[in-house]
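What follows is a set of notes on a single structure, which appears directly below.
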Amino acid sequence: MTSETFDVVVVGGGPCGSTVSTLVAQQGHRVLVLERERFPRYQIGESLLPSTVHGICKLLGVTEELAAAGFPIKHGGTFRWGSNPEPWTFDFSLSQNFAGDSSTGYQVERMKFDKILLDNARAKGVDVREESTVVDVIEEDGRVCGVRYTDAGGERHEVRSRYVVDASGNTSRIHGHSGGKRVYSDFFRNLALFGYFEGGKRLDPPYSGNILAVAFEAGWFWYIPLSDTLTSVGAVLLPEELERVQGDKEKALLGLIEQCPLIADMLSDATRVTTGVYGDIRVRKDYSYLQERFWKPGLVLAGDAACFIDPVFSQGVHLATYGALLAARSLNTALAEGTDIPEETVFSEFEHRYRAEYSRFHDFLVAFYDMHQDEESYFWKAKKVTAETTPAAESFVNLVGGGASQEGALVDPETYTARAEAAQELSAAIDRRVEGAGNQEILNTSLVRSIVKEGHQIQIQAALGRSDRPTPPVRDGGLVPSADGMHWSLPTPKEA
């Protein structure tokens with residue numbers, strides 16, 4: 001058995017694993033991703049929120065690649081839901097968090113999207129090994145310190161690391177090592193039956209790229225345009241309707257479509273895809289759950305390995321990548337030389353914020369499933385859940401767009417990326433100064449010029465360690481994001 005050592009081993013190469021590995025590797029740490037499949041591979045969950053597209057993906061540096069991929073642009077969502085018999089539409093631009101160029105998301109083929117993120121991780125210095133299946137976790141004295149895995153040829157390997165991240169999804173084999181179990185929601189115990197169609201209709205512009213969600217007697221349908229002609233169509237069935245998926249799955253799906261007039265009309269000229277990766281009709285248990293513990297010494301759970309919630313607002317990739325960002329901050333802080341923040345403090349911050357985001361969606365969705373309400377009632381429930389002072393409709397859009405956490409990296413990533421670039425510029429100039437360059441080169445860096453211009457009488461290191469726009473902690477005794485957004489910091493008296 002071969003043995004290697006890394007700072008972090010990430011199990012799973014989906015959006016969560018790609019995100020956390022990239023954000024940690026960019027801080028100079030040695031990161032290994034072990035992915036059991038070979039990309040591109042099929043995955044469900046094609047609708048992305050603005051917070052992912054314009055927040056996380058900008059931090060990862062894949063914005064241009066996503067734009068070049070030609071994914072359909074969605075401006076919001078269209079629903080036939082609740083007591084209103086007519087479809088109603090919300091637009092992301094209603095929220096100040098998603099104004100301007102940030103007011104859109106994408107509908108993506110996950111095979112393409114996930115590969116973009118994984119290839120980006122490789123390009124950013126992550127050691128990515130596909131067709132590598134983790135079979136065991138190494139623990140010593142109550143701390144996880146590595147994994148054992150088999151490669152495509154069946155050879156066994158052992159990898160030691162300071163931390164292991166379980167980003168292997170809902171089928172995780174190692175989530176139980178966190179010391180807790182999955183707690184399933186009593187409310188969301190649904191099942192999804194879905195397939196793909198060619199030639200389906202589109203909503204009228206500019207909303208032709210919107211997701212269409214339609215409630216009907218047995219549950220609700222999603223209708224997601226993945227290209228000009230390809231559409232993902234799925235029925236999420238309520239618990240009392242689950243017996244309908246027994247037997248012939250195609251007959252069951254087509255029968256459900258007939259019972260939902262709006263979806264039937266959208267597919268009136270369409271044909272089901274019956275070959276290739278989109279040719280199967282699939283069933284997925286759609287139970288919502290929350291892990292009792294998101295971390296233990298040496299181990300972090302993120303993405304579907306940690307939690308899953310009913311997907312009516314397409315928040316799955318958002319929760320996965322937001323959790324990855326929070327985990328990356330904690331890992332980077334714990335791995336930093338000379339850190340004075342205890343490990344328990346940094347990972348408790350990760351878990352507290354991650355659970356809070358999950359709870360916002362869970363609590364709102366419980367109310368959203370009350371079909372006796374109209375959209376105005378749903379808007380007010382979103383305002384209550386988020387505790388925002390904005391108008392109710394804007395609170396709703398903030399929530400379903402992924403911006404209710406008020407996390408700067410999701411709605412204003414330029415603040416972090418600009419400071420990170422400035423820090424790199426300064427570091428390079430200092431290195432050249434040591435090698436013989438003059439002081440003037442350091443003084444000409446944008447970071448130093450901004451400090452002089454703004455009249456800050458502080459040391460450069462202090463400038464790098466605090467944001468010009470203080471962000472208060474989200475709880476008593478909590479931490480705040482560092483200036484570059486990639487670590488946790490103790491709040492200053494002004495921030496606290």
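Within each chain, counting starts at residue 1; across the structure tokens, chains are named A, B, ... in the order shown, with ligands numbered 1 upward in that order.
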
Sorted per-residue table, region 176-273 of chain A near region 356-380 of chain A, closest atoms and distance, 12 Å, only C-alpha atoms, as a Markdown table:
```
| residue | atom | partner | partner_atom | distance |
| --- | --- | --- | --- | --- |
| A:Tyr184 | CA | A:His362 | CA | 11.9 |
| A:Ser185 | CA | A:His362 | CA | 9.2 |
| A:Asp186 | CA | A:Val366 | CA | 10.6 |
| A:Phe187 | CA | A:Val366 | CA | 7.4 |
| A:Phe188 | CA | A:Val366 | CA | 8.4 |
| A:Val214 | CA | A:Met371 | CA | 11.4 |
| A:Ala215 | CA | A:Met371 | CA | 8.5 |
| A:Phe216 | CA | A:Met371 | CA | 9.8 |
| A:Glu217 | CA | A:Met371 | CA | 10.3 |
| A:Gly219 | CA | A:Tyr369 | CA | 9.5 |
| A:Trp220 | CA | A:Tyr369 | CA | 10.0 |
| A:Leu238 | CA | A:Tyr369 | CA | 10.6 |
```

All strand (DSSP E or B) residues (DSSP, backbone) inside region 152-292 of chain A, as a PyMOL selection string
chain A and resi 156-166+182-198+211-216+219-225+230-237+271-272+282-291

Identify, on the basis of only C-alpha atoms, every residue whose closest approach to Val135 (chain A) does not exceed 12 Å; exclude the query and any residue fewer than 4 positions from it along the same chain; express the result as a PyMOL selection string.
chain A and resi 11+34-36+146-151+154-159+172-174

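Proximity ranking of A:Tyr223, A:Phe396, A:Tyr207, A:Tyr163 relative to Thr5 (chain A) places A:Tyr163 first, based on only C-alpha atoms.
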
Residue neighbourhood Val397 (chain A), 12 Å, only C-alpha atoms, exclusion window fewer than 3 positions, as a ChimeraX atom specification:
/A:49-51,75-77,89-99,103-104,313,375,378-383,386,388,390-394,400-404

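For the residues A:Val183, A:Ala305, A:Val134, A:Ala67, ranking by smallest atom-to-atom distance to Thr171 (chain A) using only C-alpha atoms places A:Ala305 first.
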
Could you jot down the CA of Asp141 (chain A) to CA of Trp295 (chain A) separation for me, Å, one decimal place?
15.8 Å

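Counting only C-alpha atoms, the residue from A:Asn190, A:Thr52, A:Thr229, A:Thr271 that sits nearest to Val245 (chain A) is A:Asn190.
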
Contact residues around region 323-336 of chain A with only C-alpha atoms at 9 Å, ignoring same-chain residues under 3 positions, as a PDB file with N, CA and C atoms, in the first residue's frame:
```pdb
ATOM      1  N   ASP A   7      -2.009  18.356   3.058  1.00  0.00           N
ATOM      2  CA  ASP A   7      -2.630  19.180   4.098  1.00  0.00           C
ATOM      3  C   ASP A   7      -4.113  18.844   4.231  1.00  0.00           C
ATOM      4  N   VAL A   8      -4.794  18.698   3.080  1.00  0.00           N
ATOM      5  CA  VAL A   8      -6.230  18.423   3.070  1.00  0.00           C
ATOM      6  C   VAL A   8      -6.526  17.384   1.996  1.00  0.00           C
ATOM      7  N   PRO A  15     -19.373  20.086  -7.256  1.00  0.00           N
ATOM      8  CA  PRO A  15     -19.222  21.520  -6.975  1.00  0.00           C
ATOM      9  C   PRO A  15     -18.704  21.831  -5.574  1.00  0.00           C
ATOM     10  N   CYS A  16     -19.151  21.085  -4.581  1.00  0.00           N
ATOM     11  CA  CYS A  16     -18.668  21.323  -3.222  1.00  0.00           C
ATOM     12  C   CYS A  16     -17.186  20.995  -3.114  1.00  0.00           C
ATOM     13  N   GLY A  17     -16.799  19.788  -3.553  1.00  0.00           N
ATOM     14  CA  GLY A  17     -15.403  19.389  -3.453  1.00  0.00           C
ATOM     15  C   GLY A  17     -14.479  20.241  -4.291  1.00  0.00           C
ATOM     16  N   SER A  18     -14.911  20.598  -5.506  1.00  0.00           N
ATOM     17  CA  SER A  18     -14.088  21.451  -6.360  1.00  0.00           C
ATOM     18  C   SER A  18     -13.895  22.827  -5.740  1.00  0.00           C
ATOM     19  N   THR A  19     -14.965  23.356  -5.140  1.00  0.00           N
ATOM     20  CA  THR A  19     -14.896  24.697  -4.560  1.00  0.00           C
ATOM     21  C   THR A  19     -13.975  24.735  -3.355  1.00  0.00           C
ATOM     22  N   VAL A  20     -14.190  23.855  -2.403  1.00  0.00           N
ATOM     23  CA  VAL A  20     -13.376  23.897  -1.187  1.00  0.00           C
ATOM     24  C   VAL A  20     -11.915  23.599  -1.515  1.00  0.00           C
ATOM     25  N   SER A  21     -11.651  22.671  -2.424  1.00  0.00           N
ATOM     26  CA  SER A  21     -10.259  22.339  -2.741  1.00  0.00           C
ATOM     27  C   SER A  21      -9.554  23.497  -3.417  1.00  0.00           C
ATOM     28  N   THR A  22     -10.251  24.191  -4.322  1.00  0.00           N
ATOM     29  CA  THR A  22      -9.646  25.330  -5.018  1.00  0.00           C
ATOM     30  C   THR A  22      -9.338  26.458  -4.054  1.00  0.00           C
ATOM     31  N   LEU A  23     -10.294  26.791  -3.191  1.00  0.00           N
ATOM     32  CA  LEU A  23     -10.104  27.917  -2.273  1.00  0.00           C
ATOM     33  C   LEU A  23      -9.022  27.645  -1.230  1.00  0.00           C
ATOM     34  N   VAL A  24      -8.791  26.381  -0.910  1.00  0.00           N
ATOM     35  CA  VAL A  24      -7.708  26.043   0.028  1.00  0.00           C
ATOM     36  C   VAL A  24      -6.369  25.984  -0.703  1.00  0.00           C
ATOM     37  N   GLN A  27      -4.463  29.165  -1.285  1.00  0.00           N
ATOM     38  CA  GLN A  27      -3.734  29.729  -0.150  1.00  0.00           C
ATOM     39  C   GLN A  27      -2.392  29.039   0.070  1.00  0.00           C
ATOM     40  N   HIS A  29      -1.784  25.642   0.192  1.00  0.00           N
ATOM     41  CA  HIS A  29      -1.816  24.354   0.881  1.00  0.00           C
ATOM     42  C   HIS A  29      -1.885  23.213  -0.132  1.00  0.00           C
ATOM     43  N   ILE A  56     -19.659  32.725  -5.820  1.00  0.00           N
ATOM     44  CA  ILE A  56     -18.682  31.647  -5.691  1.00  0.00           C
ATOM     45  C   ILE A  56     -17.860  31.463  -6.966  1.00  0.00           C
ATOM     46  N   ARG A 162      -3.841  16.551   7.429  1.00  0.00           N
ATOM     47  CA  ARG A 162      -4.264  17.243   8.645  1.00  0.00           C
ATOM     48  C   ARG A 162      -5.779  17.320   8.724  1.00  0.00           C
ATOM     49  N   TYR A 163      -6.423  17.383   7.544  1.00  0.00           N
ATOM     50  CA  TYR A 163      -7.883  17.437   7.516  1.00  0.00           C
ATOM     51  C   TYR A 163      -8.416  16.624   6.342  1.00  0.00           C
ATOM     52  N   VAL A 165     -12.100  16.401   4.115  1.00  0.00           N
ATOM     53  CA  VAL A 165     -13.396  17.006   3.833  1.00  0.00           C
ATOM     54  C   VAL A 165     -14.260  15.972   3.117  1.00  0.00           C
ATOM     55  N   ALA A 167     -17.072  15.595   0.890  1.00  0.00           N
ATOM     56  CA  ALA A 167     -17.932  16.288  -0.070  1.00  0.00           C
ATOM     57  C   ALA A 167     -18.462  15.285  -1.081  1.00  0.00           C
ATOM     58  N   VAL A 300     -14.394  17.332   8.161  1.00  0.00           N
ATOM     59  CA  VAL A 300     -15.414  18.341   7.876  1.00  0.00           C
ATOM     60  C   VAL A 300     -16.399  17.756   6.872  1.00  0.00           C
ATOM     61  N   LEU A 301     -17.702  17.957   7.121  1.00  0.00           N
ATOM     62  CA  LEU A 301     -18.746  17.526   6.192  1.00  0.00           C
ATOM     63  C   LEU A 301     -19.346  18.746   5.510  1.00  0.00           C
ATOM     64  N   ALA A 302     -19.512  18.677   4.194  1.00  0.00           N
ATOM     65  CA  ALA A 302     -20.107  19.789   3.452  1.00  0.00           C
ATOM     66  C   ALA A 302     -20.899  19.239   2.277  1.00  0.00           C
ATOM     67  N   GLY A 303     -21.756  20.091   1.691  1.00  0.00           N
ATOM     68  CA  GLY A 303     -22.602  19.650   0.600  1.00  0.00           C
ATOM     69  C   GLY A 303     -23.633  18.646   1.074  1.00  0.00           C
ATOM     70  N   HIS A 318     -26.185  25.888  -4.390  1.00  0.00           N
ATOM     71  CA  HIS A 318     -25.894  27.035  -3.537  1.00  0.00           C
ATOM     72  C   HIS A 318     -25.443  26.586  -2.157  1.00  0.00           C
ATOM     73  N   LEU A 319     -26.207  25.690  -1.515  1.00  0.00           N
ATOM     74  CA  LEU A 319     -25.831  25.217  -0.189  1.00  0.00           C
ATOM     75  C   LEU A 319     -24.482  24.503  -0.223  1.00  0.00           C
ATOM     76  N   ALA A 320     -24.243  23.724  -1.279  1.00  0.00           N
ATOM     77  CA  ALA A 320     -22.991  22.975  -1.381  1.00  0.00           C
ATOM     78  C   ALA A 320     -21.788  23.904  -1.519  1.00  0.00           C
ATOM     79  N   THR A 339      -1.463  30.817  13.733  1.00  0.00           N
ATOM     80  CA  THR A 339      -2.830  31.221  14.031  1.00  0.00           C
ATOM     81  C   THR A 339      -3.086  31.167  15.531  1.00  0.00           C
ATOM     82  N   ILE A 341      -6.345  31.449  16.720  1.00  0.00           N
ATOM     83  CA  ILE A 341      -7.751  31.122  16.905  1.00  0.00           C
ATOM     84  C   ILE A 341      -7.874  29.608  17.032  1.00  0.00           C
ATOM     85  N   PRO A 342      -8.442  29.113  18.124  1.00  0.00           N
ATOM     86  CA  PRO A 342      -8.532  27.665  18.332  1.00  0.00           C
ATOM     87  C   PRO A 342      -9.307  26.961  17.225  1.00  0.00           C
ATOM     88  N   GLU A 343      -8.934  25.713  16.958  1.00  0.00           N
ATOM     89  CA  GLU A 343      -9.603  24.920  15.929  1.00  0.00           C
ATOM     90  C   GLU A 343     -11.102  24.827  16.181  1.00  0.00           C
ATOM     91  N   THR A 345     -13.049  26.890  17.556  1.00  0.00           N
ATOM     92  CA  THR A 345     -13.699  28.165  17.263  1.00  0.00           C
ATOM     93  C   THR A 345     -13.925  28.348  15.770  1.00  0.00           C
ATOM     94  N   VAL A 346     -12.917  28.020  14.949  1.00  0.00           N
ATOM     95  CA  VAL A 346     -13.057  28.257  13.507  1.00  0.00           C
ATOM     96  C   VAL A 346     -14.050  27.293  12.873  1.00  0.00           C
ATOM     97  N   PHE A 347     -14.080  26.044  13.332  1.00  0.00           N
ATOM     98  CA  PHE A 347     -15.022  25.100  12.727  1.00  0.00           C
ATOM     99  C   PHE A 347     -16.422  25.235  13.303  1.00  0.00           C
ATOM    100  N   SER A 348     -16.536  25.752  14.494  1.00  0.00           N
ATOM    101  CA  SER A 348     -17.865  26.066  15.029  1.00  0.00           C
ATOM    102  C   SER A 348     -18.498  27.209  14.243  1.00  0.00           C
ATOM    103  N   GLU A 349     -17.662  28.157  13.792  1.00  0.00           N
ATOM    104  CA  GLU A 349     -18.170  29.256  12.962  1.00  0.00           C
ATOM    105  C   GLU A 349     -18.712  28.713  11.644  1.00  0.00           C
ATOM    106  N   PHE A 350     -17.967  27.808  11.030  1.00  0.00           N
ATOM    107  CA  PHE A 350     -18.424  27.151   9.809  1.00  0.00           C
ATOM    108  C   PHE A 350     -19.770  26.474  10.025  1.00  0.00           C
ATOM    109  N   GLU A 351     -19.879  25.685  11.082  1.00  0.00           N
ATOM    110  CA  GLU A 351     -21.107  24.924  11.298  1.00  0.00           C
ATOM    111  C   GLU A 351     -22.286  25.826  11.634  1.00  0.00           C
ATOM    112  N   ARG A 353     -22.884  28.984  10.742  1.00  0.00           N
ATOM    113  CA  ARG A 353     -23.378  29.711   9.567  1.00  0.00           C
ATOM    114  C   ARG A 353     -24.034  28.759   8.556  1.00  0.00           C
ATOM    115  N   TYR A 354     -23.476  27.586   8.411  1.00  0.00           N
ATOM    116  CA  TYR A 354     -24.010  26.615   7.462  1.00  0.00           C
ATOM    117  C   TYR A 354     -25.396  26.140   7.901  1.00  0.00           C
ATOM    118  N   ALA A 409     -19.224  37.516   0.116  1.00  0.00           N
ATOM    119  CA  ALA A 409     -18.639  36.751  -0.981  1.00  0.00           C
ATOM    120  C   ALA A 409     -19.686  36.307  -1.986  1.00  0.00           C
ATOM    121  N   PRO A 481     -15.350  37.292   8.472  1.00  0.00           N
ATOM    122  CA  PRO A 481     -14.440  36.981   7.364  1.00  0.00           C
ATOM    123  C   PRO A 481     -13.246  37.922   7.352  1.00  0.00           C
ATOM    124  N   SER A 482     -12.102  37.407   6.938  1.00  0.00           N
ATOM    125  CA  SER A 482     -10.910  38.235   6.784  1.00  0.00           C
ATOM    126  C   SER A 482     -11.083  39.153   5.586  1.00  0.00           C
ATOM    127  N   GLY A 485     -11.478  37.359   2.451  1.00  0.00           N
ATOM    128  CA  GLY A 485     -12.602  36.444   2.449  1.00  0.00           C
ATOM    129  C   GLY A 485     -12.234  34.985   2.545  1.00  0.00           C
ATOM    130  N   MET A 486     -10.954  34.666   2.706  1.00  0.00           N
ATOM    131  CA  MET A 486     -10.513  33.274   2.674  1.00  0.00           C
ATOM    132  C   MET A 486     -10.123  32.725   4.039  1.00  0.00           C
ATOM    133  N   HIS A 487     -10.261  33.522   5.091  1.00  0.00           N
ATOM    134  CA  HIS A 487      -9.959  33.091   6.455  1.00  0.00           C
ATOM    135  C   HIS A 487     -11.023  33.660   7.397  1.00  0.00           C
ATOM    136  N   TRP A 488     -10.953  33.246   8.658  1.00  0.00           N
ATOM    137  CA  TRP A 488     -11.743  33.888   9.710  1.00  0.00           C
ATOM    138  C   TRP A 488     -10.832  34.794  10.521  1.00  0.00           C
ATOM    139  N   SER A 489     -11.401  35.868  11.039  1.00  0.00           N
ATOM    140  CA  SER A 489     -10.662  36.804  11.892  1.00  0.00           C
ATOM    141  C   SER A 489     -11.470  37.090  13.142  1.00  0.00           C
TER     142      SER A 489
END
```

From the options A:Val312, A:Leu193, A:Val33, A:Val108, which residue's atoms come nearest to Lys249 (chain A), counting only C-alpha atoms?
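Going through A:Val312, A:Leu193, A:Val33, A:Val108 one by one, the smallest distance to Lys249 (chain A) is for A:Leu193.
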